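Q: Below you'll find the structure I mean.
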Amino acid sequence: MTGSALKFNARKLMFENAPKLFFISLLYVVLVTLVAWLSMRLPGSIRAEDIISRLSSGEIPSLTIIYTGFRPIGVLLALILSLLQPVLETGFISYCMKINRKQDTEVKDIFNGFLFLAKIILILIITSVLIFLWSLLLIIPGIVAIYKYKLAYYILLDDPKKTALQCITESKQMMSGHKLDLFLIELSFLGWYVLDLAIILLTPLPFPVPIVSLWLSPYIGLTCVGFYEYRVTGIAV
């Protein structure tokens, strides 16, 4: 099944499930944006945008500035918040799976990731280490590694009894010979990402407003779920 066919099916499902799907998308985007925004503004943590701003203006931040903005508790809280992102992402995948399979959906479905919190974090840690190790060779092996493990969360949602390692191993097997397919599918959304970023940068607000993501999140979510279903069954749902 081609990427264009998967995207066509995703758009069809989006319109069939409007407006509820876009309300869920709004909730998901707000939660993810809020988590990212808070992680950069925790008391005692390094405010990365301040460091970047200084660097872009030609100023090299002193060690004193960096040290005074660093506190272990702030870093710990930022780490905890960063772990919430894959949990929320998994919940949104769960919601998209139900839509793709014509099942009844509820708002609480986007929080399904919390049901598998430990396994999701374990998958994140293991795959991050593996991707890092592959990246030590060159950038391309690192990117290839990312796509090896892309389906681990999907596999976990389909069978929560599986261990993190089983999900990672099965993802590697399912993606064998298909990593480039998914890469090209995701690459086809690049224009949407650029538009979203442009709107965020041009919007004079103290916090990011990813308006395009209200459309883009379910569009990508349903397309990737369609890809997963096709890899599992060989049939486009």
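By order in the structure tokens, chains are A, B, ...; within a chain, residues start at 1; ligands start at 1, following the order shown.
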Give me the residues within 10 Å of Phe183 (chain A) as a VMD selection string, counting only C-alpha atoms and dropping any in the same chain fewer than 6 places off.

A: chain A and resid 143 to 144 146 to 147

Q: Can you list, as a tab-separated table (two decimals) with C-alpha atoms, in the first residue's frame, every protein, DNA or RNA residue that comes within 10 Å of Leu83 (chain A) when you count only C-alpha atoms, leaving out same-chain residues fewer than 2 positions away?

A:
chain	number	residue	atom	x	y	z
A	35	VAL	CA	4.49	19.80	29.04
A	77	LEU	CA	11.36	17.78	37.23
A	78	ALA	CA	12.23	18.55	33.60
A	79	LEU	CA	13.20	14.90	33.11
A	80	ILE	CA	9.89	13.73	34.57
A	81	LEU	CA	7.98	16.07	32.27
A	85	GLN	CA	5.59	13.08	26.14
A	86	PRO	CA	5.91	9.45	24.91
A	87	VAL	CA	3.15	8.47	27.35
A	88	LEU	CA	0.80	11.08	25.87
A	117	LEU	CA	3.66	3.82	32.05
A	120	ILE	CA	6.64	2.91	27.80
A	121	ILE	CA	9.44	4.50	29.82
A	124	LEU	CA	12.04	4.86	25.62
A	125	ILE	CA	15.19	4.26	27.64

Q: Contacts of Phe22 (chain A) at 8 Å or less, counting only C-alpha atoms, minus same-chain residues fewer than 2 places along, as a list of chain:residue names?

A: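 My reading of the contact set: A:Ala18, A:Pro19, A:Lys20, A:Ile24, A:Ser25, A:Leu26, A:Leu214, A:Trp215, A:Pro218.
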
Q: For the selection you just gave me, I'd like the residues written to a file as an mmCIF file, in the first residue's frame, keeping C-alpha atoms.

A:
data_model
loop_
_atom_site.group_PDB
_atom_site.id
_atom_site.type_symbol
_atom_site.label_atom_id
_atom_site.label_comp_id
_atom_site.auth_asym_id
_atom_site.auth_seq_id
_atom_site.Cartn_x
_atom_site.Cartn_y
_atom_site.Cartn_z
ATOM 1 C CA ALA A 18 -15.068 15.273 12.902
ATOM 2 C CA PRO A 19 -15.585 17.310 15.011
ATOM 3 C CA LYS A 20 -14.836 14.986 17.948
ATOM 4 C CA ILE A 24 -9.273 15.320 20.973
ATOM 5 C CA SER A 25 -6.456 16.646 18.798
ATOM 6 C CA LEU A 26 -6.791 20.039 20.497
ATOM 7 C CA LEU A 214 -4.682 20.447 15.286
ATOM 8 C CA TRP A 215 -4.899 19.084 11.743
ATOM 9 C CA PRO A 218 -4.483 13.256 13.648
#

Q: Would you please work out which residue, of A:Leu137, A:Leu13, A:Leu130, A:Cys167, is nearest to Lys102 (chain A) when using only C-alpha atoms?

A: A:Leu13

Q: Please list as a ChimeraX atom specification every residue within 7 Å of region 91-94 of chain A, counting only C-alpha atoms and excluding residues in the same chain fewer than 5 positions away.

A: /A:109-113,157,221

Q: Show me, as an MDAnalysis selection string, the residues that have an atom within 7 Å of region 224-234 of chain A when counting only C-alpha atoms, minus same-chain residues fewer than 4 positions from it.

A: chainID A and resid 6 96:97 174 220

Q: For the residues in the current selection, export N, CA and C atoms as a PDB file, in the first residue's frame.

A:
ATOM      1  N   LEU A   6      -2.403   5.585   2.076  1.00  0.00           N
ATOM      2  CA  LEU A   6      -2.529   5.649   3.530  1.00  0.00           C
ATOM      3  C   LEU A   6      -2.975   7.042   3.974  1.00  0.00           C
ATOM      4  N   CYS A  96      -6.149   6.842  17.860  1.00  0.00           N
ATOM      5  CA  CYS A  96      -6.132   6.711  16.399  1.00  0.00           C
ATOM      6  C   CYS A  96      -6.357   5.262  15.968  1.00  0.00           C
ATOM      7  N   MET A  97      -5.844   4.323  16.750  1.00  0.00           N
ATOM      8  CA  MET A  97      -6.057   2.901  16.450  1.00  0.00           C
ATOM      9  C   MET A  97      -7.539   2.562  16.498  1.00  0.00           C
ATOM     10  N   MET A 174       9.345  -6.170  12.120  1.00  0.00           N
ATOM     11  CA  MET A 174       8.294  -5.641  11.245  1.00  0.00           C
ATOM     12  C   MET A 174       8.810  -4.561  10.306  1.00  0.00           C
ATOM     13  N   ILE A 220      -1.124  12.694  10.751  1.00  0.00           N
ATOM     14  CA  ILE A 220       0.043  11.823  10.865  1.00  0.00           C
ATOM     15  C   ILE A 220      -0.298  10.581  11.688  1.00  0.00           C
TER      16      ILE A 220
END

Q: Would you work out the distance separating CA of Phe189 (chain A) from CA of Pro210 (chain A), expressed in Å to one decimal?

A: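 Between CA of Phe189 (chain A) and CA of Pro210 (chain A) the gap is 14.9 Å.
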
Q: Just the residues within 9 Å of Ile199 (chain A), please, counting only C-alpha atoms, with nothing from its chain fewer than 5 positions along; format it as a ChimeraX atom specification.

A: /A:194,209-212

Q: Produce a file of the selected residues containing N, CA and C atoms, as a CSV table (one decimal), in the first residue's frame.

A:
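The new file result20.csv reads:
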chain,number,residue,atom,x,y,z
A,194,VAL,N,6.9,22.8,8.5
A,194,VAL,CA,7.4,24.1,8.2
A,194,VAL,C,6.4,25.2,8.4
A,209,VAL,N,1.9,28.4,19.9
A,209,VAL,CA,0.5,28.0,19.5
A,209,VAL,C,0.6,27.2,18.2
A,210,PRO,N,0.8,25.9,18.3
A,210,PRO,CA,0.9,25.1,17.1
A,210,PRO,C,-0.5,24.8,16.5
A,211,ILE,N,-1.0,25.8,15.8
A,211,ILE,CA,-2.4,25.8,15.3
A,211,ILE,C,-2.5,24.6,14.2
A,212,VAL,N,-1.5,24.6,13.4
A,212,VAL,CA,-1.5,23.5,12.3
A,212,VAL,C,-1.5,22.1,12.9

Q: Ranking A:Gly3, A:Asn17, A:Thr33, A:Asn9 by minimum distance to Lys98 (chain A) and counting only C-alpha atoms, which one comes first?

A: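 Using only C-alpha atoms, the shortest distance to Lys98 (chain A) belongs to A:Asn17.
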
Q: When you draw a straight line from CA of Glu89 (chain A) to CA of Tyr153 (chain A), how long is it in Å?

A: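 Between CA of Glu89 (chain A) and CA of Tyr153 (chain A) the gap works out to 9.1 Å.
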
Q: How would you write, as a ChimeraX atom specification, the set of residues in region 94-159 of chain A that DSSP gives as helix (DSSP H, G or I)?

A: /A:94-100,107-135,139-148,152-158

Q: Which residue is closest to Thr127 (chain A)? Choose from A:Tyr149, A:Tyr95, A:Trp37, A:Tyr193 and count only C-alpha atoms.

A: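 So, comparing all the options, the nearest one is A:Tyr149.
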
Q: Taking into account only C-alpha atoms, which residue in the set A:Leu184, A:Ala145, A:Leu34, A:Ala164 is nearest to Val129 (chain A)?

A: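 So, comparing all the options, the nearest one is A:Ala145.
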
Q: For Ala152 (chain A), which residue out of A:Leu222, A:Ile140, A:Met175, A:Leu21 is the nearest one, using only C-alpha atoms?

A: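 When distances to Ala152 (chain A) are compared using only C-alpha atoms, the smallest one comes from A:Met175.
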
Q: Quote the spacing between CA of Val32 (chain A) and CA of Ser213 (chain A) in Å to one decimal place.

A: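 Distance reported for this atom pair: 10.8 Å.
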